[in-house]
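Shown here: final26.cif, mmCIF, C-alpha atoms.
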data_query
#
loop_
_atom_site.label_atom_id
_atom_site.label_comp_id
_atom_site.auth_asym_id
_atom_site.auth_seq_id
_atom_site.Cartn_x
_atom_site.Cartn_y
_atom_site.Cartn_z
CA MET T 857 0.00 0.00 0.00
CA SER T 858 2.89 2.36 0.73
CA LEU T 859 3.89 1.99 -2.94
CA GLY T 860 0.53 3.33 -4.09
CA ALA T 861 -1.01 0.03 -5.15
CA LYS T 862 -4.62 -0.17 -6.27
CA MET T 863 -5.91 -3.30 -4.53
CA VAL T 864 -8.57 -5.77 -5.64
CA ASP T 865 -9.95 -9.06 -4.36
CA PHE T 866 -8.39 -12.00 -6.20
CA GLY T 867 -9.39 -15.49 -5.15
CA GLY T 868 -9.78 -14.40 -1.53
CA TRP T 869 -6.53 -12.44 -1.55
CA SER T 870 -6.13 -8.68 -1.51
CA MET T 871 -3.85 -8.18 -4.50
CA PRO T 872 -2.40 -5.14 -6.32
CA VAL T 873 -3.91 -4.73 -9.78
CA GLN T 874 -1.47 -1.88 -10.50
CA TYR T 875 0.93 0.57 -8.87
CA LYS T 876 1.84 3.48 -11.17
CA GLY T 877 -0.10 2.08 -14.12
CA ILE T 878 -0.50 -1.10 -16.18
CA ILE T 879 1.25 0.20 -19.30
CA ASP T 880 4.18 1.59 -17.31
CA GLU T 881 4.61 -1.71 -15.45
CA HIS T 882 4.22 -3.77 -18.62
CA GLN T 883 6.94 -1.77 -20.38
CA ALA T 884 9.25 -2.06 -17.35
CA VAL T 885 9.13 -5.87 -17.64
CA ARG T 886 9.66 -5.80 -21.40
CA THR T 887 12.60 -3.36 -21.26
CA SER T 888 14.25 -3.66 -17.85
CA LEU T 889 12.82 -5.21 -14.68
CA GLY T 890 9.60 -5.72 -12.76
CA VAL T 891 8.69 -7.57 -9.58
CA PHE T 892 5.37 -9.25 -8.77
CA ASP T 893 3.98 -10.48 -5.46
CA ILE T 894 2.90 -14.09 -6.16
CA SER T 895 2.31 -15.10 -2.53
CA HIS T 896 -1.21 -16.14 -3.47
CA MET T 897 0.15 -19.15 -5.40
CA GLY T 898 0.00 -22.51 -3.61
CA GLN T 899 2.91 -24.75 -2.63
CA PHE T 900 2.51 -28.51 -2.21
CA PHE T 901 5.28 -30.92 -1.20
CA ALA T 902 5.36 -34.64 -2.02
CA GLU T 903 8.02 -36.95 -0.65
CA GLY T 904 8.79 -40.64 -0.44
CA PRO T 905 10.02 -43.59 -2.49
CA GLY T 906 6.70 -43.73 -4.34
CA ALA T 907 6.42 -39.98 -5.03
CA GLU T 908 7.66 -40.09 -8.61
CA ALA T 909 5.35 -42.92 -9.67
CA TRP T 910 2.38 -41.36 -7.86
CA LEU T 911 2.84 -37.96 -9.48
CA ASN T 912 3.28 -39.60 -12.86
CA ARG T 913 -0.15 -41.20 -12.49
CA LEU T 914 -1.74 -37.86 -11.57
CA LEU T 915 0.03 -35.40 -13.87
CA ALA T 916 -0.08 -35.30 -17.66
CA ASN T 917 3.59 -34.57 -18.29
CA ASN T 918 6.32 -37.12 -17.53
CA VAL T 919 7.80 -36.55 -14.07
CA GLN T 920 10.36 -39.30 -14.70
CA ARG T 921 12.20 -36.96 -17.03
CA LEU T 922 13.11 -34.61 -14.19
CA SER T 923 16.55 -34.67 -12.63
CA VAL T 924 17.04 -33.09 -9.21
CA GLY T 925 16.87 -29.32 -9.65
CA GLU T 926 14.69 -29.41 -12.77
CA CYS T 927 11.04 -28.49 -13.31
CA GLN T 928 8.28 -28.89 -15.88
CA TYR T 929 4.94 -27.36 -16.76
CA THR T 930 2.13 -29.89 -16.48
CA PHE T 931 -1.59 -30.46 -15.89
CA LEU T 932 -3.85 -31.99 -13.30
CA LEU T 933 -6.70 -33.48 -15.33
CA ASN T 934 -10.12 -34.98 -14.69
CA GLU T 935 -11.23 -38.30 -16.19
CA GLN T 936 -12.51 -36.51 -19.31
CA GLY T 937 -9.09 -34.96 -19.95
CA GLY T 938 -10.30 -31.51 -18.83
CA VAL T 939 -7.93 -29.20 -17.00
CA ILE T 940 -8.43 -29.00 -13.25
CA ASP T 941 -5.28 -26.92 -12.98
CA ASP T 942 -2.05 -26.15 -14.78
CA LEU T 943 0.98 -26.13 -12.53
CA ILE T 944 4.73 -26.44 -12.31
CA VAL T 945 6.37 -29.41 -10.59
CA TYR T 946 9.94 -29.10 -9.31
CA ARG T 947 12.13 -32.02 -8.31
CA ILE T 948 13.98 -30.66 -5.26
CA GLY T 949 15.43 -33.95 -4.01
CA ASP T 950 15.87 -37.58 -4.99
CA GLN T 951 12.40 -38.37 -3.64
CA ARG T 952 11.02 -34.89 -2.94
CA TYR T 953 8.91 -32.62 -5.16
CA LEU T 954 7.51 -29.09 -4.92
CA MET T 955 4.38 -28.15 -6.86
CA VAL T 956 3.30 -24.54 -7.41
CA VAL T 957 -0.42 -24.32 -8.17
CA ASN T 958 -2.88 -21.55 -8.97
CA ALA T 959 -4.28 -19.64 -6.01
CA ALA T 960 -7.96 -20.24 -6.76
CA LYS T 961 -7.31 -23.99 -7.08
CA ILE T 962 -5.32 -24.69 -3.91
CA GLU T 963 -8.08 -26.41 -1.96
CA GLU T 964 -9.54 -28.23 -4.97
CA ASP T 965 -6.14 -29.44 -6.18
CA PHE T 966 -5.08 -30.65 -2.76
CA ALA T 967 -8.36 -32.49 -2.16
CA TRP T 968 -8.17 -34.17 -5.59
CA MET T 969 -4.57 -35.24 -5.15
CA GLU T 970 -5.09 -36.36 -1.56
CA ALA T 971 -8.07 -38.48 -2.64
CA HIS T 972 -5.76 -40.29 -5.08
CA ARG T 973 -2.69 -40.34 -2.84
CA ASP T 974 -0.43 -43.36 -2.60
CA PRO T 975 -0.23 -44.29 1.12
CA ALA T 976 3.57 -44.49 0.82
CA VAL T 977 3.79 -40.82 -0.20
CA SER T 978 3.92 -37.90 2.21
CA PHE T 979 1.85 -35.08 0.73
CA GLU T 980 1.48 -31.68 2.43
CA ASN T 981 -0.02 -28.29 1.62
CA HIS T 982 2.40 -25.58 2.79
CA SER T 983 0.73 -22.71 0.94
CA ASP T 984 0.24 -20.71 4.15
CA HIS T 985 3.89 -21.12 5.07
CA TYR T 986 5.43 -19.62 1.92
CA ALA T 987 5.46 -16.25 0.19
CA GLY T 988 6.39 -15.79 -3.45
CA ILE T 989 8.12 -13.04 -5.42
CA ALA T 990 8.56 -13.09 -9.21
CA VAL T 991 11.27 -10.96 -10.79
CA GLN T 992 10.77 -10.60 -14.54
CA GLY T 993 12.60 -8.72 -17.26
CA PRO T 994 15.74 -8.72 -19.43
CA LYS T 995 17.84 -7.46 -16.49
CA SER T 996 16.80 -10.32 -14.17
CA ALA T 997 20.12 -12.14 -14.46
CA GLN T 998 22.01 -8.95 -13.58
CA LEU T 999 19.87 -8.50 -10.48
CA PHE T 1000 20.46 -12.12 -9.46
CA ASP T 1001 24.23 -11.72 -9.72
CA SER T 1002 24.16 -8.42 -7.85
CA PHE T 1003 21.86 -9.77 -5.14
CA PHE T 1004 24.00 -12.80 -4.33
CA GLY T 1005 27.39 -11.26 -5.13
CA GLY T 1006 28.63 -14.43 -6.80
CA ARG T 1007 27.74 -16.71 -3.88
CA HIS T 1008 25.32 -18.71 -6.03
CA SER T 1009 25.28 -19.60 -9.72
CA ARG T 1010 21.94 -18.71 -11.23
CA PRO T 1011 19.77 -21.67 -12.24
CA ALA T 1012 19.29 -22.35 -15.93
CA ARG T 1013 15.89 -22.01 -17.56
CA ASN T 1014 13.41 -24.47 -15.99
CA GLU T 1015 15.69 -25.22 -13.06
CA ILE T 1016 15.34 -24.56 -9.33
CA LEU T 1017 17.98 -23.71 -6.75
CA THR T 1018 17.70 -24.32 -2.99
CA VAL T 1019 19.64 -21.76 -0.96
CA THR T 1020 19.94 -20.90 2.72
CA ILE T 1021 19.66 -17.26 3.75
CA ASP T 1022 19.99 -16.38 7.44
CA GLY T 1023 19.27 -19.99 8.33
CA GLU T 1024 16.04 -20.13 6.27
CA THR T 1025 15.40 -22.19 3.13
CA TYR T 1026 14.63 -20.33 -0.08
CA PHE T 1027 13.65 -21.89 -3.40
CA ILE T 1028 14.70 -19.89 -6.46
CA ALA T 1029 13.28 -21.05 -9.80
CA ARG T 1030 13.74 -19.72 -13.33
CA THR T 1031 10.47 -20.15 -15.20
CA GLY T 1032 8.20 -17.13 -15.57
CA TYR T 1033 4.82 -16.10 -16.95
CA THR T 1034 5.74 -13.07 -19.07
CA GLY T 1035 8.02 -14.49 -21.76
CA GLU T 1036 10.95 -12.51 -20.36
CA ASP T 1037 13.83 -13.92 -18.37
CA GLY T 1038 13.09 -14.09 -14.68
CA PHE T 1039 13.18 -15.75 -11.31
CA GLU T 1040 10.60 -16.89 -8.77
CA VAL T 1041 11.61 -16.77 -5.12
CA PHE T 1042 9.66 -18.81 -2.57
CA CYS T 1043 10.56 -17.92 1.00
CA PRO T 1044 9.09 -18.41 4.48
CA ALA T 1045 5.96 -16.27 4.81
CA GLU T 1046 7.32 -14.34 7.78
CA ARG T 1047 10.21 -13.12 5.60
CA ALA T 1048 7.97 -11.88 2.77
CA VAL T 1049 8.12 -8.14 3.49
CA ARG T 1050 11.86 -8.17 4.09
CA SER T 1051 12.52 -10.17 0.91
CA TRP T 1052 10.25 -7.89 -1.15
CA ASN T 1053 12.01 -4.78 0.13
CA ASP T 1054 15.44 -6.35 -0.44
CA VAL T 1055 14.57 -7.09 -4.07
CA LEU T 1056 13.26 -3.57 -4.65
CA ARG T 1057 16.34 -2.01 -3.04
CA LYS T 1058 18.82 -4.17 -4.95
CA GLY T 1059 16.88 -3.66 -8.16
CA GLU T 1060 16.94 0.13 -8.07
CA GLU T 1061 20.08 0.32 -10.19
CA PHE T 1062 18.35 -1.76 -12.87
CA GLY T 1063 15.18 0.36 -12.94
CA ILE T 1064 12.99 -2.18 -11.15
CA LYS T 1065 9.29 -1.39 -10.70
CA PRO T 1066 6.64 -3.15 -8.60
CA CYS T 1067 3.99 -4.68 -10.89
CA GLY T 1068 0.41 -5.80 -10.37
CA LEU T 1069 -2.08 -8.26 -11.78
CA GLY T 1070 -3.00 -5.96 -14.67
CA SER T 1071 0.41 -6.01 -16.33
CA ARG T 1072 0.84 -9.69 -15.49
CA ASP T 1073 -2.25 -10.34 -17.61
CA THR T 1074 -1.20 -8.21 -20.58
CA LEU T 1075 2.31 -9.69 -20.55
CA ARG T 1076 1.16 -13.31 -20.50
CA LEU T 1077 -1.51 -12.62 -23.14
CA GLU T 1078 1.07 -11.22 -25.58
CA MET T 1079 2.89 -14.56 -25.16
CA CYS T 1080 -0.38 -16.54 -25.51
CA TYR T 1081 0.15 -18.16 -22.12
CA PRO T 1082 -3.21 -19.52 -20.92
CA LEU T 1083 -4.90 -18.39 -17.72
CA ASN T 1084 -6.61 -21.08 -15.68
CA GLY T 1085 -10.28 -20.32 -15.22
CA SER T 1086 -10.38 -18.33 -18.46
CA ASP T 1087 -8.43 -20.14 -21.19
CA LEU T 1088 -8.23 -23.45 -19.33
CA SER T 1089 -11.08 -25.18 -17.51
CA PRO T 1090 -12.45 -28.65 -16.69
CA ASP T 1091 -14.31 -28.46 -20.01
CA THR T 1092 -11.19 -27.85 -22.11
CA THR T 1093 -8.28 -30.20 -22.77
CA PRO T 1094 -4.56 -29.48 -23.27
CA ILE T 1095 -4.89 -30.75 -26.85
CA GLU T 1096 -7.63 -28.24 -27.65
CA ALA T 1097 -5.50 -25.56 -25.98
CA GLY T 1098 -2.55 -26.36 -28.26
CA LEU T 1099 -0.45 -27.59 -25.35
CA SER T 1100 0.13 -31.20 -26.41
CA ILE T 1101 3.86 -30.75 -25.90
CA PHE T 1102 3.22 -30.73 -22.15
CA ILE T 1103 1.42 -34.09 -22.06
CA ASP T 1104 2.99 -37.51 -22.55
CA LEU T 1105 0.60 -39.97 -24.12
CA GLN T 1106 3.42 -42.53 -24.24
CA LYS T 1107 3.02 -42.99 -20.50
CA PRO T 1108 0.92 -46.08 -19.86
CA GLU T 1109 -1.22 -44.44 -17.20
CA PHE T 1110 -2.39 -41.06 -15.94
CA ILE T 1111 -5.81 -39.65 -15.13
CA GLY T 1112 -7.43 -38.35 -18.31
CA ARG T 1113 -5.13 -40.27 -20.67
CA GLU T 1114 -7.83 -42.38 -22.34
CA ALA T 1115 -9.91 -39.31 -23.18
CA LEU T 1116 -6.89 -37.51 -24.62
CA VAL T 1117 -5.82 -40.51 -26.71
CA ARG T 1118 -9.33 -40.70 -28.14
CA GLN T 1119 -9.37 -36.98 -28.86
CA LYS T 1120 -5.98 -37.18 -30.55
CA GLN T 1121 -7.19 -40.00 -32.78
CA GLU T 1122 -10.51 -38.35 -33.67
CA GLY T 1123 -9.16 -34.82 -33.98
CA VAL T 1124 -10.26 -31.74 -32.08
CA LYS T 1125 -13.37 -29.78 -33.02
CA ARG T 1126 -11.98 -26.47 -31.75
CA ARG T 1127 -8.61 -24.94 -30.95
CA LEU T 1128 -7.42 -22.15 -28.69
CA VAL T 1129 -5.94 -19.51 -30.97
CA PRO T 1130 -4.79 -15.90 -30.56
CA PHE T 1131 -6.31 -13.02 -32.45
CA LYS T 1132 -5.43 -9.40 -33.03
CA MET T 1133 -7.72 -6.49 -33.83
CA THR T 1134 -6.97 -5.09 -37.29
CA GLY T 1135 -8.30 -1.56 -36.89
CA ALA T 1136 -9.17 1.02 -34.29
CA SER T 1137 -11.43 -0.52 -31.66
CA PRO T 1138 -12.00 -0.76 -27.93
CA PRO T 1139 -10.04 -3.65 -26.39
CA PRO T 1140 -11.69 -7.08 -26.50
CA ARG T 1141 -12.54 -8.81 -23.23
CA SER T 1142 -13.37 -12.34 -22.14
CA HIS T 1143 -16.85 -13.57 -23.12
CA TYR T 1144 -17.16 -11.15 -26.05
CA ALA T 1145 -18.88 -12.89 -28.96
CA ILE T 1146 -16.85 -13.82 -32.05
CA TYR T 1147 -18.44 -13.97 -35.49
CA LYS T 1148 -17.61 -15.39 -38.90
CA GLY T 1149 -20.01 -13.72 -41.26
CA ASP T 1150 -23.44 -13.84 -39.62
CA GLN T 1151 -22.59 -16.89 -37.50
CA LYS T 1152 -21.47 -16.63 -33.89
CA ILE T 1153 -18.68 -19.19 -33.68
CA ALA T 1154 -17.10 -18.58 -30.25
CA GLU T 1155 -16.52 -16.31 -27.30
CA ALA T 1156 -13.22 -14.75 -26.32
CA THR T 1157 -11.61 -16.46 -23.33
CA SER T 1158 -9.14 -13.61 -22.76
CA GLY T 1159 -8.75 -10.13 -24.16
CA SER T 1160 -6.94 -6.86 -23.52
CA LEU T 1161 -5.08 -3.95 -25.03
CA SER T 1162 -1.50 -4.97 -25.85
CA PRO T 1163 0.88 -2.21 -24.68
CA THR T 1164 3.63 -3.63 -26.91
CA LEU T 1165 1.57 -4.11 -30.09
CA LYS T 1166 -0.64 -1.10 -29.32
CA THR T 1167 -3.83 -2.86 -30.37
CA GLY T 1168 -6.42 -5.19 -28.93
CA ILE T 1169 -5.52 -8.87 -28.62
CA GLY T 1170 -7.17 -11.99 -27.23
CA MET T 1171 -7.62 -15.73 -27.35
CA ALA T 1172 -10.60 -17.96 -28.07
CA TYR T 1173 -11.58 -21.55 -28.80
CA ILE T 1174 -12.39 -21.34 -32.50
CA PRO T 1175 -13.99 -24.21 -34.48
CA THR T 1176 -11.25 -26.07 -36.34
CA ALA T 1177 -12.64 -25.07 -39.75
CA TYR T 1178 -11.85 -21.42 -38.96
CA ALA T 1179 -8.86 -21.83 -36.61
CA ARG T 1180 -6.33 -20.89 -39.27
CA ILE T 1181 -3.62 -18.23 -39.26
CA ASN T 1182 -4.78 -15.09 -41.14
CA GLU T 1183 -8.45 -16.11 -40.88
CA GLU T 1184 -10.58 -12.97 -40.63
CA ILE T 1185 -13.17 -12.79 -37.84
CA GLU T 1186 -15.19 -10.13 -36.05
CA ILE T 1187 -15.44 -9.38 -32.33
CA ASP T 1188 -18.67 -8.00 -30.90
CA ILE T 1189 -17.65 -5.16 -28.59
CA ARG T 1190 -20.53 -3.37 -26.87
CA GLY T 1191 -22.96 -4.16 -29.66
CA ARG T 1192 -20.65 -3.32 -32.58
CA ARG T 1193 -18.53 -5.73 -34.58
CA PHE T 1194 -14.87 -4.95 -35.14
CA PRO T 1195 -12.51 -6.82 -37.50
CA ALA T 1196 -9.78 -9.09 -36.19
CA VAL T 1197 -7.47 -11.74 -37.58
CA ILE T 1198 -6.24 -15.04 -36.17
CA GLU T 1199 -2.49 -14.92 -35.57
CA LYS T 1200 0.40 -17.29 -34.94
CA LYS T 1201 1.59 -17.88 -31.36
CA PRO T 1202 3.11 -15.96 -29.69
CA LEU T 1203 1.80 -12.52 -30.51
CA HIS T 1204 5.06 -11.00 -29.21
CA ARG T 1205 8.50 -12.56 -29.45
CA VAL T 1206 11.27 -11.96 -26.96
CA THR T 1207 14.97 -12.83 -26.93
CA GLN T 1208 15.88 -15.06 -24.01
CA ASN T 1209 19.02 -14.42 -21.99
CA SER T 1210 21.32 -17.23 -20.90
#
Take the structure from the file and write it as C-alpha cells.
Amino acid sequence: MSLGAKMVDFGGWSMPVQYKGIIDEHQAVRTSLGVFDISHMGQFFAEGPGAEAWLNRLLANNVQRLSVGECQYTFLLNEQGGVIDDLIVYRIGDQRYLMVVNAAKIEEDFAWMEAHRDPAVSFENHSDHYAGIAVQGPKSAQLFDSFFGGRHSRPARNEILTVTIDGETYFIARTGYTGEDGFEVFCPAERAVRSWNDVLRKGEEFGIKPCGLGSRDTLRLEMCYPLNGSDLSPDTTPIEAGLSIFIDLQKPEFIGREALVRQKQEGVKRRLVPFKMTGASPPPRSHYAIYKGDQKIAEATSGSLSPTLKTGIGMAYIPTAYARINEEIEIDIRGRRFPAVIEKKPLHRVTQNS
C-alpha cells in the first residue's frame, strides 16, 4: 500500500492490480525489470520412495524426465481430460517434489490429489507457510548476480535452486509467466516483506518497478500463455489448448489419458488460438462474442489492449474449420462488430538471456 497500489480481491486475496499504471509496469518488464507479489500461489510438497510414480499417475507430463533441480509445466486433469489446474512441478530432491499451483485452485487441487494419494507418499499443503516473489525482465540475471554477489550460480531455464539465507530455506526457480527472463523466489511467509524490500532495493540500479495483476495479464496474453479459469477449464483439454507438448501420451497411465488418446485420434473440433484487432477498436474482453459472417462461432476467453503491439488482442476456442492463421473474424464489442485476424503464437517474441 505504501507503494501506491490499487488493490482488488483475487481469489480471496487482496492483490495489487497496478501501482503506477499497467502500461508503465508492462513496459518495465519488457525493457528492464519488474517484480510481482505471487504469494497467493499454492505450494505442495510430495516426498517418499513412491512420489515419482504417484505424481506420474496424476500429472499429464512425464515426471520421470526430471533430474534433481529441474522443473516442468504440467496439468492436473479430470477423467474426461479436462484441466483442473495447470501447474509447475519441481524435483527438489531424490524423492522430494515441490508443486506450485494456482491460487484459486489450492483447496480443490489438494483435495483431488489427496483423494488419489499413494499411502507411501507424504503429501502436504504448505501454501500458508510460503510467500512468493517473481522478478521478470531482461535485467533479471544482472539482479540475481548483484543480489548474491557471486555466492550462487543462477539456475538455468526451468531449473530450481535451494539456498539458505539467514538460516532459512529459499527456493529460487527460473520459469516465468511473461516471456521474459526471470526468477521466482519462494521464501518463508514471515520473511515476505523483508525479501520484497530487499529485491526492490537491490533492483533500483536496474530500474525495477513493482507490478500488479494488470500487467501480469497483458504480458502473458502477448505470449499466448493460458490463464486457468479463463483459457483453461475442466471443459477444455490441453490438446484443444494447443499444449500437447506438455502431455505424454506414451506414459501407460495417468488420469485423463484415455480421453486424450481418443481426442488425438478423432481430432479436435476447436482450438485455442490468438487473435489481433486489425483496426481502431475498444479492447476485446473475455466472453465477447466472435463472429464469422453472420454466424457466432465462439466467445473470447481472454482479451486486452496490448501495450507492446498497441492494439487489442485476445484468445478464443475457435472451431477447427476457422482456426487458421490469417483467418478474418469479427469481435462484438458493446454491440458493434470490429474486425480481427487469427495470428500465430506468440503474438510478441522476446529474446531469451542465458
- Query: Can you list, as a ChimeraX atom specification, every protein, DNA or RNA residue that comes within 7 Å of range 875-887 of chain T when you count only C-alpha atoms, leaving out same-chain residues fewer than 4 positions away?
  - Reply: /T:859-862,992-994,1036,1065-1068,1070-1071,1075,1163
- Mind pulling up the distance from CA of Ser1158 in chain T to CA of Lys961 in chain T? 18.9 Å
- Task: Around the point (-0.1, -10.4, -22.7) in the file's coordinates, collect all residues with an atom within 7 Å, using all atoms listed in the file, and return them as an NGL selection string.
- Result: :T and (1073-1080 or 1162)
- Evaluate the PyMOL selection byres ((chain T and resi 1105) around 10) and record the selected residues as a list in words, following the chain and residue labels used in the document. Ala916, Asn917, Asn918, Ser1100, Ile1101, Phe1102, Ile1103, Asp1104, Gln1106, Lys1107, Pro1108, Glu1109, Phe1110, Arg1113, Glu1114, Leu1116, Val1117 and Lys1120 of chain T
- Message: Given all atoms listed in the file as the basis, pick out the residue of T:Tyr1178, T:Phe900, T:Tyr1147, T:Phe892 nearest to Arg947 in chain T.
- Response: T:Phe900
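The residues returned by the PyMOL selection byres ((chain T and resi 1054) around 12) on the shown structure are Val891, Ile989, Leu999, Phe1000, Ser1002, Phe1003, Phe1004, Arg1047, Ala1048, Val1049, Arg1050, Ser1051, Trp1052, Asn1053, Val1055, Leu1056, Arg1057, Lys1058, Gly1059, Glu1060 and Ile1064 of chain T.
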- Find the residues around Thr1167 in chain T up to 10 Å (all atoms listed in the file counted), leave out those fewer than 6 positions away in its own chain, and share them as a list of chain:residue names. T:Lys1132, T:Met1133, T:Thr1134, T:Gly1135, T:Ala1136, T:Ser1137, T:Pro1138, T:Pro1139, T:Pro1140, T:Ser1160, T:Leu1161
Could you dump the residues just selected with C-alpha atoms as an mmCIF file, keeping the file's coordinate frame?
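The resulting file, selection-v3.cif, is reproduced below:
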data_model
loop_
_atom_site.group_PDB
_atom_site.id
_atom_site.type_symbol
_atom_site.label_atom_id
_atom_site.label_comp_id
_atom_site.auth_asym_id
_atom_site.auth_seq_id
_atom_site.Cartn_x
_atom_site.Cartn_y
_atom_site.Cartn_z
ATOM 1 C CA LYS T 1132 -5.430 -9.400 -33.030
ATOM 2 C CA MET T 1133 -7.720 -6.490 -33.830
ATOM 3 C CA THR T 1134 -6.970 -5.090 -37.290
ATOM 4 C CA GLY T 1135 -8.300 -1.560 -36.890
ATOM 5 C CA ALA T 1136 -9.170 1.020 -34.290
ATOM 6 C CA SER T 1137 -11.430 -0.520 -31.660
ATOM 7 C CA PRO T 1138 -12.000 -0.760 -27.930
ATOM 8 C CA PRO T 1139 -10.040 -3.650 -26.390
ATOM 9 C CA PRO T 1140 -11.690 -7.080 -26.500
ATOM 10 C CA SER T 1160 -6.940 -6.860 -23.520
ATOM 11 C CA LEU T 1161 -5.080 -3.950 -25.030
#
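The residues returned by the PyMOL selection byres ((chain T and resi 1112) around 6) for this structure are T:Leu933, T:Asn934, T:Glu935, T:Gln936, T:Gly937, T:Ile1111, T:Arg1113, T:Glu1114, T:Ala1115.
CA of Phe901 in chain T lies 22.9 Å from CA of Gly1038 in chain T.
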- Message: What's the separation between CA of Asn1084 in chain T and CA of Ala1097 in chain T, in Å to one decimal place?
- Response: 11.3 Å
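You can rank T:Lys1148, T:His1143, T:Met897, T:Val1206 by their closest distance to Val1041 in chain T using all atoms listed in the file, and at the top of that list sits T:Met897.
Between His1204 in chain T and the candidates T:Thr1093, T:Thr1176, T:Ser895, T:Thr1034, the tightest atom-to-atom separation, counting only C-alpha atoms, involves T:Thr1034.
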- Might you pull out every residue within 7 Å of Pro1090 in chain T, with all atoms listed in the file counted and same-chain residues fewer than 6 positions away left off, and present them as number ranges by chain? T: 938-940
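Using all atoms listed in the file, the shortest contact distance between Val956 in chain T and any of T:Gln899, T:Gln928, T:Asn1182, T:Ser1009 is found at T:Gln899.
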- Task: Determine, counting all atoms listed in the file, which protein, DNA and RNA residues have an atom within 8 Å of an atom of Leu1017 in chain T; residues of the same chain fewer than 6 positions away are not included. Present the result as a VMD selection string.
- Result: chain T and resid 925 1010 to 1011 1027 to 1029
Write the selection just made, keeping C-alpha atoms, as a compact mmCIF listing (two decimals), keeping the file's coordinate frame?
# COMPACT_ATOMS: atom_id res chain seq x y z
CA GLY T 925 16.87 -29.32 -9.65
CA ARG T 1010 21.94 -18.71 -11.23
CA PRO T 1011 19.77 -21.67 -12.24
CA PHE T 1027 13.65 -21.89 -3.40
CA ILE T 1028 14.70 -19.89 -6.46
CA ALA T 1029 13.28 -21.05 -9.80
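Considering the residues T:Ala1196, T:Val945, T:Ile1174, T:Ala987 and counting only C-alpha atoms, Lys1152 in chain T has its shortest atom-to-atom contact with T:Ile1174.
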